[in-house]
file work-v6.csv (CSV, N, CA and C atoms)
chain,number,residue,atom,x,y,z
A,1,MET,N,12.4,4.7,16.1
A,1,MET,CA,12.2,3.5,15.3
A,1,MET,C,13.2,2.4,15.8
A,2,ARG,N,14.4,2.9,16.1
A,2,ARG,CA,15.5,1.9,16.5
A,2,ARG,C,15.1,1.2,17.8
A,3,ALA,N,14.5,2.0,18.8
A,3,ALA,CA,14.1,1.4,20.0
A,3,ALA,C,13.0,0.4,19.8
A,4,ASP,N,12.1,0.7,19.0
A,4,ASP,CA,11.0,-0.3,18.7
A,4,ASP,C,11.6,-1.5,18.0
A,5,PHE,N,12.5,-1.3,17.1
A,5,PHE,CA,13.1,-2.5,16.4
A,5,PHE,C,13.9,-3.3,17.4
A,6,GLU,N,14.6,-2.7,18.3
A,6,GLU,CA,15.3,-3.5,19.3
A,6,GLU,C,14.4,-4.2,20.3
A,7,GLN,N,13.2,-3.6,20.6
A,7,GLN,CA,12.2,-4.2,21.4
A,7,GLN,C,11.7,-5.5,20.8
A,8,SER,N,11.6,-5.5,19.4
A,8,SER,CA,11.1,-6.7,18.7
A,8,SER,C,11.9,-7.9,18.9
A,9,GLN,N,13.2,-7.7,19.4
A,9,GLN,CA,14.1,-8.8,19.6
A,9,GLN,C,13.6,-9.7,20.8
A,10,ASN,N,12.6,-9.1,21.6
A,10,ASN,CA,12.1,-9.8,22.8
A,10,ASN,C,11.2,-11.0,22.4
A,11,PHE,N,10.7,-11.0,21.2
A,11,PHE,CA,9.8,-12.0,20.7
A,11,PHE,C,10.5,-13.3,20.6
A,12,ASN,N,10.0,-14.4,21.1
A,12,ASN,CA,10.7,-15.7,21.0
A,12,ASN,C,10.3,-16.3,19.6
A,13,HIS,N,9.2,-16.0,19.1
A,13,HIS,CA,8.7,-16.5,17.8
A,13,HIS,C,9.2,-15.6,16.7
A,14,ASN,N,10.0,-16.2,15.8
A,14,ASN,CA,10.7,-15.4,14.7
A,14,ASN,C,9.6,-14.8,13.8
A,15,GLY,N,8.5,-15.4,13.6
A,15,GLY,CA,7.5,-14.9,12.7
A,15,GLY,C,6.9,-13.6,13.3
A,16,GLU,N,6.6,-13.6,14.6
A,16,GLU,CA,6.1,-12.4,15.3
A,16,GLU,C,7.1,-11.3,15.3
A,17,ALA,N,8.4,-11.6,15.5
A,17,ALA,CA,9.4,-10.6,15.5
A,17,ALA,C,9.5,-10.0,14.1
A,18,GLY,N,9.5,-10.8,13.0
A,18,GLY,CA,9.5,-10.3,11.7
A,18,GLY,C,8.3,-9.5,11.3
A,19,THR,N,7.1,-9.9,11.7
A,19,THR,CA,5.9,-9.1,11.5
A,19,THR,C,6.0,-7.8,12.1
A,20,SER,N,6.5,-7.7,13.4
A,20,SER,CA,6.5,-6.4,14.1
A,20,SER,C,7.5,-5.5,13.4
A,21,ARG,N,8.6,-6.0,12.9
A,21,ARG,CA,9.6,-5.2,12.2
A,21,ARG,C,9.1,-4.7,10.8
A,22,GLU,N,8.3,-5.6,10.2
A,22,GLU,CA,7.7,-5.2,8.9
A,22,GLU,C,6.8,-4.0,9.1
A,23,VAL,N,6.0,-4.1,10.1
A,23,VAL,CA,5.0,-3.0,10.4
A,23,VAL,C,5.8,-1.7,10.8
A,24,LEU,N,6.9,-1.8,11.5
A,24,LEU,CA,7.7,-0.6,11.8
A,24,LEU,C,8.2,0.0,10.5
A,25,ILE,N,8.7,-0.8,9.6
A,25,ILE,CA,9.2,-0.2,8.4
A,25,ILE,C,8.1,0.4,7.5
A,26,GLN,N,6.9,-0.3,7.5
A,26,GLN,CA,5.8,0.2,6.8
A,26,GLN,C,5.4,1.6,7.3
A,27,GLN,N,5.3,1.8,8.6
A,27,GLN,CA,5.0,3.0,9.3
A,27,GLN,C,6.0,4.1,9.0
A,28,PHE,N,7.3,3.7,9.0
A,28,PHE,CA,8.4,4.6,8.7
A,28,PHE,C,8.3,5.1,7.3
A,29,LEU,N,8.1,4.2,6.3
A,29,LEU,CA,8.0,4.6,4.9
A,29,LEU,C,6.8,5.6,4.7
A,30,SER,N,5.7,5.3,5.4
A,30,SER,CA,4.5,6.1,5.2
A,30,SER,C,4.7,7.6,5.5
A,31,GLY,N,5.6,7.9,6.3
A,31,GLY,CA,5.9,9.3,6.6
A,31,GLY,C,6.7,10.0,5.5
A,32,TYR,N,7.2,9.3,4.5
A,32,TYR,CA,8.1,9.9,3.5
A,32,TYR,C,7.5,9.7,2.1
A,33,LEU,N,6.4,9.1,2.0
A,33,LEU,CA,5.8,8.8,0.7
A,33,LEU,C,4.9,10.0,0.2
A,34,PRO,N,4.8,10.2,-1.1
A,34,PRO,CA,3.8,11.2,-1.6
A,34,PRO,C,2.4,10.8,-1.2
A,35,THR,N,1.5,11.7,-1.1
A,35,THR,CA,0.1,11.4,-0.6
A,35,THR,C,-0.6,10.4,-1.5
A,36,HIS,N,-0.2,10.2,-2.8
A,36,HIS,CA,-1.0,9.3,-3.6
A,36,HIS,C,-0.4,7.8,-3.5
A,37,VAL,N,0.7,7.7,-2.7
A,37,VAL,CA,1.3,6.4,-2.5
A,37,VAL,C,1.1,5.9,-1.1
A,38,GLU,N,0.8,4.6,-1.0
A,38,GLU,CA,0.6,3.9,0.3
A,38,GLU,C,1.5,2.7,0.4
A,39,ALA,N,2.1,2.6,1.6
A,39,ALA,CA,2.8,1.4,1.9
A,39,ALA,C,1.9,0.4,2.6
A,40,VAL,N,1.7,-0.8,2.1
A,40,VAL,CA,0.8,-1.8,2.6
A,40,VAL,C,1.6,-3.0,3.0
A,41,HIS,N,1.1,-3.7,4.0
A,41,HIS,CA,1.8,-4.9,4.5
A,41,HIS,C,1.0,-6.2,4.2
A,42,ASN,N,1.8,-7.2,3.9
A,42,ASN,CA,1.2,-8.6,3.7
A,42,ASN,C,0.3,-8.6,2.4
A,43,VAL,N,1.0,-8.7,1.3
A,43,VAL,CA,0.3,-8.5,0.0
A,43,VAL,C,0.7,-9.6,-1.0
A,44,GLU,N,-0.2,-10.0,-1.8
A,44,GLU,CA,0.1,-10.8,-3.0
A,44,GLU,C,-0.3,-9.9,-4.2
A,45,VAL,N,0.5,-9.9,-5.2
A,45,VAL,CA,0.2,-9.1,-6.4
A,45,VAL,C,-0.3,-10.1,-7.5
A,46,ILE,N,-1.4,-9.7,-8.2
A,46,ILE,CA,-2.0,-10.5,-9.2
A,46,ILE,C,-1.8,-9.8,-10.6
A,47,ALA,N,-1.5,-10.6,-11.6
A,47,ALA,CA,-1.4,-10.0,-13.0
A,47,ALA,C,-2.6,-10.3,-13.8
A,48,THR,N,-2.8,-9.6,-14.9
A,48,THR,CA,-4.0,-9.8,-15.7
A,48,THR,C,-4.1,-11.2,-16.3
A,49,ASN,N,-3.0,-11.9,-16.4
A,49,ASN,CA,-3.0,-13.3,-16.9
A,49,ASN,C,-3.3,-14.3,-15.8
A,50,GLY,N,-3.6,-13.8,-14.5
A,50,GLY,CA,-3.9,-14.7,-13.4
A,50,GLY,C,-2.7,-15.1,-12.6
A,51,GLU,N,-1.5,-14.8,-13.0
A,51,GLU,CA,-0.4,-15.2,-12.1
A,51,GLU,C,-0.4,-14.4,-10.9
A,52,VAL,N,0.0,-15.0,-9.8
A,52,VAL,CA,0.0,-14.4,-8.5
A,52,VAL,C,1.4,-14.5,-7.9
A,53,SER,N,1.9,-13.4,-7.3
A,53,SER,CA,3.2,-13.4,-6.7
A,53,SER,C,3.2,-14.1,-5.4
A,54,PRO,N,4.4,-14.4,-4.9
A,54,PRO,CA,4.4,-14.9,-3.5
A,54,PRO,C,4.1,-13.8,-2.6
A,55,GLN,N,3.8,-14.1,-1.3
A,55,GLN,CA,3.5,-13.0,-0.4
A,55,GLN,C,4.6,-12.1,-0.3
A,56,SER,N,4.3,-10.8,-0.2
A,56,SER,CA,5.3,-9.7,-0.1
A,56,SER,C,5.1,-9.0,1.2
A,57,ASP,N,6.1,-8.7,1.9
A,57,ASP,CA,6.0,-8.0,3.2
A,57,ASP,C,5.4,-6.6,3.1
A,58,ILE,N,6.1,-5.8,2.3
A,58,ILE,CA,5.7,-4.4,2.1
A,58,ILE,C,5.6,-4.1,0.6
A,59,VAL,N,4.5,-3.5,0.2
A,59,VAL,CA,4.3,-3.1,-1.2
A,59,VAL,C,3.9,-1.7,-1.2
A,60,LEU,N,4.4,-0.9,-2.2
A,60,LEU,CA,4.0,0.5,-2.4
A,60,LEU,C,3.0,0.5,-3.5
A,61,ILE,N,1.8,1.0,-3.2
A,61,ILE,CA,0.7,1.0,-4.2
A,61,ILE,C,0.1,2.4,-4.3
A,62,ASP,N,-0.7,2.5,-5.4
A,62,ASP,CA,-1.4,3.8,-5.5
A,62,ASP,C,-2.5,3.7,-4.4
A,63,ARG,N,-2.7,4.8,-3.7
A,63,ARG,CA,-3.6,4.9,-2.6
A,63,ARG,C,-5.1,4.6,-3.0
A,64,GLY,N,-5.4,4.9,-4.3
A,64,GLY,CA,-6.8,4.7,-4.8
A,64,GLY,C,-7.0,3.2,-5.3
A,65,THR,N,-6.1,2.4,-5.0
A,65,THR,CA,-6.2,1.0,-5.5
A,65,THR,C,-7.3,0.2,-4.8
A,66,PRO,N,-8.3,-0.3,-5.5
A,66,PRO,CA,-9.2,-1.2,-4.9
A,66,PRO,C,-8.7,-2.6,-4.8
A,67,PRO,N,-8.5,-3.1,-3.6
A,67,PRO,CA,-8.0,-4.5,-3.5
A,67,PRO,C,-9.0,-5.5,-4.0
A,68,PHE,N,-8.5,-6.6,-4.6
A,68,PHE,CA,-9.4,-7.7,-5.0
A,68,PHE,C,-9.9,-8.4,-3.7
A,69,THR,N,-9.1,-8.4,-2.7
A,69,THR,CA,-9.6,-8.9,-1.4
A,69,THR,C,-8.8,-8.3,-0.3
A,70,THR,N,-9.4,-8.1,0.8
A,70,THR,CA,-8.8,-7.6,2.1
A,70,THR,C,-9.3,-8.5,3.2
A,71,LEU,N,-8.5,-9.4,3.7
A,71,LEU,CA,-9.0,-10.4,4.7
A,71,LEU,C,-8.0,-10.4,5.8
A,72,LYS,N,-8.4,-9.9,7.0
A,72,LYS,CA,-7.6,-10.0,8.2
A,72,LYS,C,-6.2,-9.4,7.9
A,73,GLY,N,-6.1,-8.2,7.3
A,73,GLY,CA,-4.9,-7.6,7.0
A,73,GLY,C,-4.1,-8.1,5.8
A,74,PHE,N,-4.6,-9.0,5.1
A,74,PHE,CA,-4.0,-9.6,3.9
A,74,PHE,C,-4.7,-9.0,2.7
A,75,ARG,N,-3.9,-8.6,1.7
A,75,ARG,CA,-4.5,-8.0,0.5
A,75,ARG,C,-4.0,-8.7,-0.8
A,76,ILE,N,-4.9,-8.7,-1.8
A,76,ILE,CA,-4.4,-9.1,-3.2
A,76,ILE,C,-4.7,-7.9,-4.0
A,77,ILE,N,-3.6,-7.4,-4.7
A,77,ILE,CA,-3.6,-6.1,-5.4
A,77,ILE,C,-3.2,-6.4,-6.9
A,78,PRO,N,-3.9,-5.7,-7.8
A,78,PRO,CA,-3.6,-5.8,-9.2
A,78,PRO,C,-2.2,-5.2,-9.5
A,79,ASN,N,-1.4,-5.8,-10.3
A,79,ASN,CA,0.0,-5.3,-10.5
A,79,ASN,C,0.0,-4.0,-11.2
A,80,GLU,N,-1.0,-3.5,-11.9
A,80,GLU,CA,-1.0,-2.2,-12.5
A,80,GLU,C,-0.9,-1.1,-11.5
A,81,CYS,N,-1.3,-1.4,-10.3
A,81,CYS,CA,-1.3,-0.3,-9.2
A,81,CYS,C,-0.1,-0.4,-8.3
A,82,VAL,N,0.9,-1.2,-8.6
A,82,VAL,CA,2.0,-1.4,-7.7
A,82,VAL,C,3.2,-0.5,-8.2
A,83,TYR,N,3.8,0.2,-7.3
A,83,TYR,CA,5.0,1.1,-7.6
A,83,TYR,C,6.3,0.3,-7.2
A,84,GLY,N,6.2,-0.5,-6.2
A,84,GLY,CA,7.4,-1.2,-5.8
A,84,GLY,C,7.1,-2.2,-4.7
A,85,VAL,N,8.0,-3.2,-4.5
A,85,VAL,CA,7.9,-4.2,-3.5
A,85,VAL,C,9.1,-4.2,-2.6
call {"tool": "encode", "arguments": {"input": "work-v6.csv", "output": "structure tokens"}}
result
Amino acid sequence: MRADFEQSQNFNHNGEAGTSREVLIQQFLSGYLPTHVEAVHNVEVIATNGEVSPQSDIVLIDRGTPPFTTLKGFRIIPNECVYGV
């Protein structure tokens, strides 16, 4: 993981470097989570009253969560299914 993280320093674009590091952390967490929990990347969380969170890099959700939308790796998830951000 450390070698991959250090390799991400080669990106000149800060956004790409950040995204690659977020994916590394997501993959790392996935190896330690219970089977019913999933680490997902690039998420907005929506509440029943319609409020939507800012974009979150990594969110821990119930694996059975049906996303309201999944578009090019971006998800909108109901807050009742979120364990952590």
call {"tool": "atom_distance", "arguments": {"input": "work-v6.csv", "atom1": "atom CA of Gly73 of chain A", "atom2": "atom CA of Leu33 of chain A"}}
result
20.6 Å
call {"tool": "atom_distance", "arguments": {"input": "work-v6.csv", "atom1": "atom CA of Glu22 of chain A", "atom2": "atom CA of Cys81 of chain A"}}
result
20.8 Å
call {"tool": "atom_distance", "arguments": {"input": "work-v6.csv", "atom1": "atom CA of Asn79 of chain A", "atom2": "atom C of Ile46 of chain A"}}
result
4.8 Å
call {"tool": "residues_near_point", "arguments": {"input": "work-v6.csv", "point": "(0.9, -6.1, 2.7)", "cutoff": "7 Å", "atoms": "all atoms listed in the file", "output": "ChimeraX atom specification"}}
result
/A:39-44,56-59,73-75
call {"tool": "write_last_selection", "arguments": {"input": "work-v6.csv", "atoms": "N, CA and C atoms", "output": "short mmCIF file (atom, residue, chain, number, x, y, z; two decimals), in the coordinates of the input"}}
result
data_model
loop_
_atom_site.label_atom_id
_atom_site.label_comp_id
_atom_site.auth_asym_id
_atom_site.auth_seq_id
_atom_site.Cartn_x
_atom_site.Cartn_y
_atom_site.Cartn_z
N ALA A 39 2.10 2.60 1.60
CA ALA A 39 2.80 1.40 1.90
C ALA A 39 1.90 0.40 2.60
N VAL A 40 1.70 -0.80 2.10
CA VAL A 40 0.80 -1.80 2.60
C VAL A 40 1.60 -3.00 3.00
N HIS A 41 1.10 -3.70 4.00
CA HIS A 41 1.80 -4.90 4.50
C HIS A 41 1.00 -6.20 4.20
N ASN A 42 1.80 -7.20 3.90
CA ASN A 42 1.20 -8.60 3.70
C ASN A 42 0.30 -8.60 2.40
N VAL A 43 1.00 -8.70 1.30
CA VAL A 43 0.30 -8.50 0.00
C VAL A 43 0.70 -9.60 -1.00
N GLU A 44 -0.20 -10.00 -1.80
CA GLU A 44 0.10 -10.80 -3.00
C GLU A 44 -0.30 -9.90 -4.20
N SER A 56 4.30 -10.80 -0.20
CA SER A 56 5.30 -9.70 -0.10
C SER A 56 5.10 -9.00 1.20
N ASP A 57 6.10 -8.70 1.90
CA ASP A 57 6.00 -8.00 3.20
C ASP A 57 5.40 -6.60 3.10
N ILE A 58 6.10 -5.80 2.30
CA ILE A 58 5.70 -4.40 2.10
C ILE A 58 5.60 -4.10 0.60
N VAL A 59 4.50 -3.50 0.20
CA VAL A 59 4.30 -3.10 -1.20
C VAL A 59 3.90 -1.70 -1.20
N GLY A 73 -6.10 -8.20 7.30
CA GLY A 73 -4.90 -7.60 7.00
C GLY A 73 -4.10 -8.10 5.80
N PHE A 74 -4.60 -9.00 5.10
CA PHE A 74 -4.00 -9.60 3.90
C PHE A 74 -4.70 -9.00 2.70
N ARG A 75 -3.90 -8.60 1.70
CA ARG A 75 -4.50 -8.00 0.50
C ARG A 75 -4.00 -8.70 -0.80
#
call {"tool": "closest_residue", "arguments": {"input": "work-v6.csv", "among": "A:Val85, A:Val37, A:Ile77, A:Ala47", "to": "Arg63 of chain A", "atoms": "only C-alpha atoms"}}
result
A:Val37
